[in-house]
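**Student:** Have a look at the structure that comes next, please.
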Amino acid sequence: MLRLVYLYRNLTRNMLRTALTCAAVGLPIMIYVLSAAVIDGLNLFLDNAAKQLRLVVTHRASIINPLPSGYRAKIESLDPTHTRITSVCGMRWIGGKVENVSTPLSTLAAEHDTYLATIPEENLSPDEIEAWNRDRRAIIVGAATARQFGWKKGDRITIHPSVPPYTPMEFNVVSTAPNAKDPVTNICRLDYLEEELKKIAAPPGWTADGWVSFIFVKCTTKADLDYFRTRIDDLFARTPDETKTQDEKAFMNDFINQIFNLPRNLRILAGVTIFVAVMAAANTMSMNIRDRMNEIATLKSLGFGRSLVFGLIQTESLTLCALGGAIGAAIPYVAFTHTPLRNYAVPLIQTLDVRLVVCGESFLIAAAIGVLAAAWPAWSATRLHVVEALRNLE
């Protein structure tokens with residue numbers, strides 16, 4: 001009981017220092033938990049992409065180089081019976097934004113006649129499918145994007161493309177795709193985009209229409225996926241626009257690494273912040289020991305052994321860092337599980353799922369920080385000479 005009182009008195013002796021140390025440990029732990037949630041979400045997204053049995057065909061030189069839209073028919077010709085390749089759909093990225101809003105949009109123009117067969121996870125109702133096929137200006141808005149801008153089915157909206165034609169384009173919302181896997185991306189019809197592109201002046205020898213950013217190929221089996229991955233590239237070998245064909249998981253993984261490289265950067269960020277937490281906690285414990293040098297000398301003069309002094313300092317550091325770690329792990333868990341933030345959509349990831357297992361891991365990391373941070377100060381305290389410490393009392 002006496003030791004608990006001693007621990008409590010030491011932790012509450014300088015409340016500002018205690019609070020700042022808890023924050024210095026809690027913030028890195030919070031970053032660790034959120035980083036793990038994002039990485040888990042990306043891995044889940046990639047695993048779901050692998051289950052769709054789709055190939056993605058891009059330009060061999062770079063994903064930003066377009067492909068002729070006529071490649072679709074040539075790919076379809078590889079399986080005239082449509083038993084191994086069920087559908088092929090070209091898409092063109094147009095990005096876009098809403099007037100007077102800085103938030104960029106993720107918008108793709110797709111070949112409407114094959115899009116829903118190629119991307120069946122949109123899960124549109126029969127009425128929505130009929131509207132999509134009938135209306136050239138139809139757009140399927142991501143559920144999270146619809147919530148952000150207050151759009152609903154039947155609305156007429158205007159988007160300013162980030163690429164040619166740059167001029168405002170009006171769309172009719174035919175669905176907000178509440179059951180789609182991707183809650184952010186909007187899908188409009190490619191024929192409407194090309195109609196607008198024909199209105200702009202293009203450089204001599206080049207036309208703005210007739211191009212797609214990439215082509216999705218829906219296959220029947222995993223064996224078909226592996227077979228056509230090489231057949232498609234062989235088909236366009238030694239042409240001005242050679243292709244690079246990957247399964248959807250590999251394509252998305254490359255895209256994430258090239259554009260965001262989130263998993264690697266988040267791991268580095270989490271590692272750096274935890275290292276900073278160790279340094280901050282070690283600095284706090286060193287100051288605590290220096291401020292209480294006479295107190296420790298008095299304890300040793302009264303017969304308290306080295307192991308007890310070492311244990312008291314380690315327990316103090318462990319308690320301090322564990323408290324900060326618990327707070328740092330609890331904040332993102334509560335925020336993304338029991339508050340409106342649970343509906344916050346992240347690009348490629350539907351919502352952040354902060355798992356209790358990750359929170360438990362982060363708590364153990366915080367405890368390890370406490371043990372490491374106090375190792376040298378505690379060892380120094382055990383080697384303290386009583387007479388020398390008491391002689392230096394001010």
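Ordering of the structure tokens sets the chain letters (A, B, ...); residue numbers start at 1 within each chain; ligands are numbered from 1 in the order shown.
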Quick one: residues within 8 Å of range 101-108 of chain A, only C-alpha atoms, excluding same-chain residues fewer than 4 positions away - as number ranges by chain?
**Tutor:** A: 91-97, 184-188
**Student:** Which residues in range 35-119 of chain A does DSSP call strand (DSSP E or B)? List them as a list in words.
**Tutor:**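 So, restricting range 35-119 of chain A to strand (DSSP E or B), we get Arg54, Leu55, Val56, Val57, Thr58, His59, Leu67, Pro68, Ile85, Thr86, Ser87, Val88, Cys89, Gly90, Met91, Arg92, Trp93, Lys97, Pro104, Thr107, Leu108, Ala109 and Ala110 of chain A.
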**Student:** Using only C-alpha atoms, find the one residue out of A:Pro80, A:Gly360, A:Gly325, A:Pro120 that sits nearest to Lys218 in chain A.
**Tutor:**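 Of A:Pro80, A:Gly360, A:Gly325, A:Pro120, the one nearest Lys218 in chain A, counting only C-alpha atoms, is A:Pro120.
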**Student:** I need the residue nearest Arg290 in chain A from this list: A:Thr58, A:Ser87, A:Ser380, A:Ser162. Use only C-alpha atoms for the distance.
**Tutor:**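 Closest to Arg290 in chain A, using only C-alpha atoms: A:Ser380.
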**Student:** Just want the 12 Å neighbourhood of Pro240 in chain A, counted on only C-alpha atoms, with same-chain residues fewer than 2 positions away dropped. Output as a PyMOL selection string.
**Tutor:** chain A and resi 59-61+65-68+236-238+242-243
**Student:** Would you mind exporting the chosen residues as an mmCIF file, in the first residue's frame, restricted to N, CA, C and O atoms?
**Tutor:**
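Below is the file again_14.cif, written as the result:
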```cif
data_model
loop_
_atom_site.group_PDB
_atom_site.id
_atom_site.type_symbol
_atom_site.label_atom_id
_atom_site.label_comp_id
_atom_site.auth_asym_id
_atom_site.auth_seq_id
_atom_site.Cartn_x
_atom_site.Cartn_y
_atom_site.Cartn_z
ATOM 1 N N HIS A 59 -1.693 1.427 -70.485
ATOM 2 C CA HIS A 59 -0.585 1.657 -71.403
ATOM 3 C C HIS A 59 0.704 1.162 -70.757
ATOM 4 O O HIS A 59 0.938 1.360 -69.569
ATOM 5 N N ARG A 60 1.542 0.518 -71.565
ATOM 6 C CA ARG A 60 2.774 -0.062 -71.022
ATOM 7 C C ARG A 60 3.714 1.014 -70.482
ATOM 8 O O ARG A 60 4.402 0.803 -69.474
ATOM 9 N N ALA A 61 3.746 2.180 -71.098
ATOM 10 C CA ALA A 61 4.678 3.231 -70.688
ATOM 11 C C ALA A 61 4.284 3.837 -69.348
ATOM 12 O O ALA A 61 5.117 4.025 -68.472
ATOM 13 N N ASN A 65 -0.848 7.522 -69.778
ATOM 14 C CA ASN A 65 -0.968 7.487 -71.238
ATOM 15 C C ASN A 65 -2.258 6.768 -71.627
ATOM 16 O O ASN A 65 -2.541 5.674 -71.127
ATOM 17 N N PRO A 66 -3.062 7.348 -72.516
ATOM 18 C CA PRO A 66 -4.340 6.717 -72.882
ATOM 19 C C PRO A 66 -4.162 5.572 -73.874
ATOM 20 O O PRO A 66 -3.116 5.439 -74.527
ATOM 21 N N LEU A 67 -5.195 4.762 -73.962
ATOM 22 C CA LEU A 67 -5.255 3.679 -74.936
ATOM 23 C C LEU A 67 -6.383 3.946 -75.919
ATOM 24 O O LEU A 67 -7.398 4.553 -75.553
ATOM 25 N N PRO A 68 -6.241 3.520 -77.183
ATOM 26 C CA PRO A 68 -7.358 3.666 -78.137
ATOM 27 C C PRO A 68 -8.579 2.889 -77.656
ATOM 28 O O PRO A 68 -8.455 1.746 -77.206
ATOM 29 N N PHE A 236 -1.167 -6.805 -78.506
ATOM 30 C CA PHE A 236 -0.804 -5.419 -78.816
ATOM 31 C C PHE A 236 0.703 -5.175 -78.793
ATOM 32 O O PHE A 236 1.139 -4.019 -78.786
ATOM 33 N N ALA A 237 1.473 -6.246 -78.787
ATOM 34 C CA ALA A 237 2.924 -6.099 -78.824
ATOM 35 C C ALA A 237 3.356 -5.486 -80.159
ATOM 36 O O ALA A 237 2.742 -5.720 -81.204
ATOM 37 N N ARG A 238 4.405 -4.656 -80.094
ATOM 38 C CA ARG A 238 4.976 -3.987 -81.280
ATOM 39 C C ARG A 238 3.962 -3.073 -81.973
ATOM 40 O O ARG A 238 3.957 -2.933 -83.187
ATOM 41 N N GLU A 242 1.499 -0.142 -76.804
ATOM 42 C CA GLU A 242 1.598 -1.453 -76.182
ATOM 43 C C GLU A 242 0.935 -1.415 -74.797
ATOM 44 O O GLU A 242 0.825 -0.356 -74.167
ATOM 45 N N THR A 243 0.537 -2.562 -74.328
ATOM 46 C CA THR A 243 -0.257 -2.627 -73.102
ATOM 47 C C THR A 243 0.484 -3.339 -71.971
ATOM 48 O O THR A 243 1.435 -4.089 -72.192
#
```
**Student:** Kindly give the distance, in Å, that separates CA of Val357 in chain A and CA of Val33 in chain A, rounded to a single decimal.
**Tutor:**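 That distance, rounded to one decimal, is 10.0 Å.
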**Student:** Please extract the residues of range 182-302 of chain A with a backbone DSSP assignment of helix (DSSP H, G or I) and present them as a VMD selection string.
**Tutor:** chain A and resid 190 to 197 222 to 235 248 to 260 262 to 291 293 to 301
**Student:** Between A:Ile29, A:Leu318, A:Ile129, A:Ile159, which has the minimum distance to Glu99 in chain A (counting only C-alpha atoms)?
**Tutor:**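 Result for the nearest residue to Glu99 in chain A: A:Ile159.
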**Student:** Skipping near chain neighbours, those fewer than 5 positions away, what residues fall within 6 Å of range 191-200 of chain A using only C-alpha atoms, listed as number ranges by chain?
**Tutor:** A: 136, 165, 208-209
**Student:** With only C-alpha atoms as the basis for distance, which of A:Thr221, A:Pro340, A:Ala366, A:Asp127 is at the shortest distance from Lys51 in chain A?
**Tutor:**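 Nearest to Lys51 in chain A: A:Thr221.
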**Student:** Show which residues sit within 8 Å of Phe336 in chain A, as number ranges by chain. Count only C-alpha atoms, and ignore same-chain residues fewer than 5 positions away.
**Tutor:** A: 341-343, 352-354
**Student:** Could you save those same residues with C-alpha atoms as a compact mmCIF listing (two decimals), in the first residue's frame?
**Tutor:**
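This is the output file again16.txt:
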```txt
# COMPACT_ATOMS: atom_id res chain seq x y z
CA LEU A 341 -16.87 9.65 -37.81
CA ARG A 342 -17.68 5.96 -38.29
CA ASN A 343 -19.39 7.01 -41.55
CA LEU A 352 -11.89 3.05 -41.01
CA ASP A 353 -12.30 -0.10 -38.94
CA VAL A 354 -10.29 0.36 -35.74
```
**Student:** Out of A:Ala282, A:Glu248, A:Gly311, A:Ala37, which residue has the shortest atom-to-atom distance to Thr21 in chain A when counting only C-alpha atoms?
**Tutor:**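 Looking at the shortest contact to Thr21 in chain A, the residue is A:Ala282.
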**Student:** Give me the residues near Thr158 in chain A as a PyMOL selection string, where near means some atom within 9 Å (using only C-alpha atoms) and where sequence neighbours in that chain fewer than 3 positions away do not count.
**Tutor:** chain A and resi 97-99+168-172
**Student:** Residues at most 9 Å from Leu323 in chain A, counting only C-alpha atoms, excluding those fewer than 2 positions away in the same chain, as a PyMOL selection string?
**Tutor:** chain A and resi 22+25-26+318-321+325-328+363+366-367
**Student:** Report the distance between CA of Ala23 in chain A and CA of Gly324 in chain A in Å, rounded to one decimal place.
**Tutor:** 6.2 Å
**Student:** From the list A:Ala297, A:Ala50, A:Tyr344, A:Asp224, which residue is nearest Pro183 in chain A when using only C-alpha atoms?
**Tutor:**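 So, comparing all the options, the nearest one is A:Tyr344.
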**Student:** Have a look at CA of Asp254 in chain A and CA of Pro332 in chain A and let me know their distance in Å, one decimal.
**Tutor:** 28.5 Å
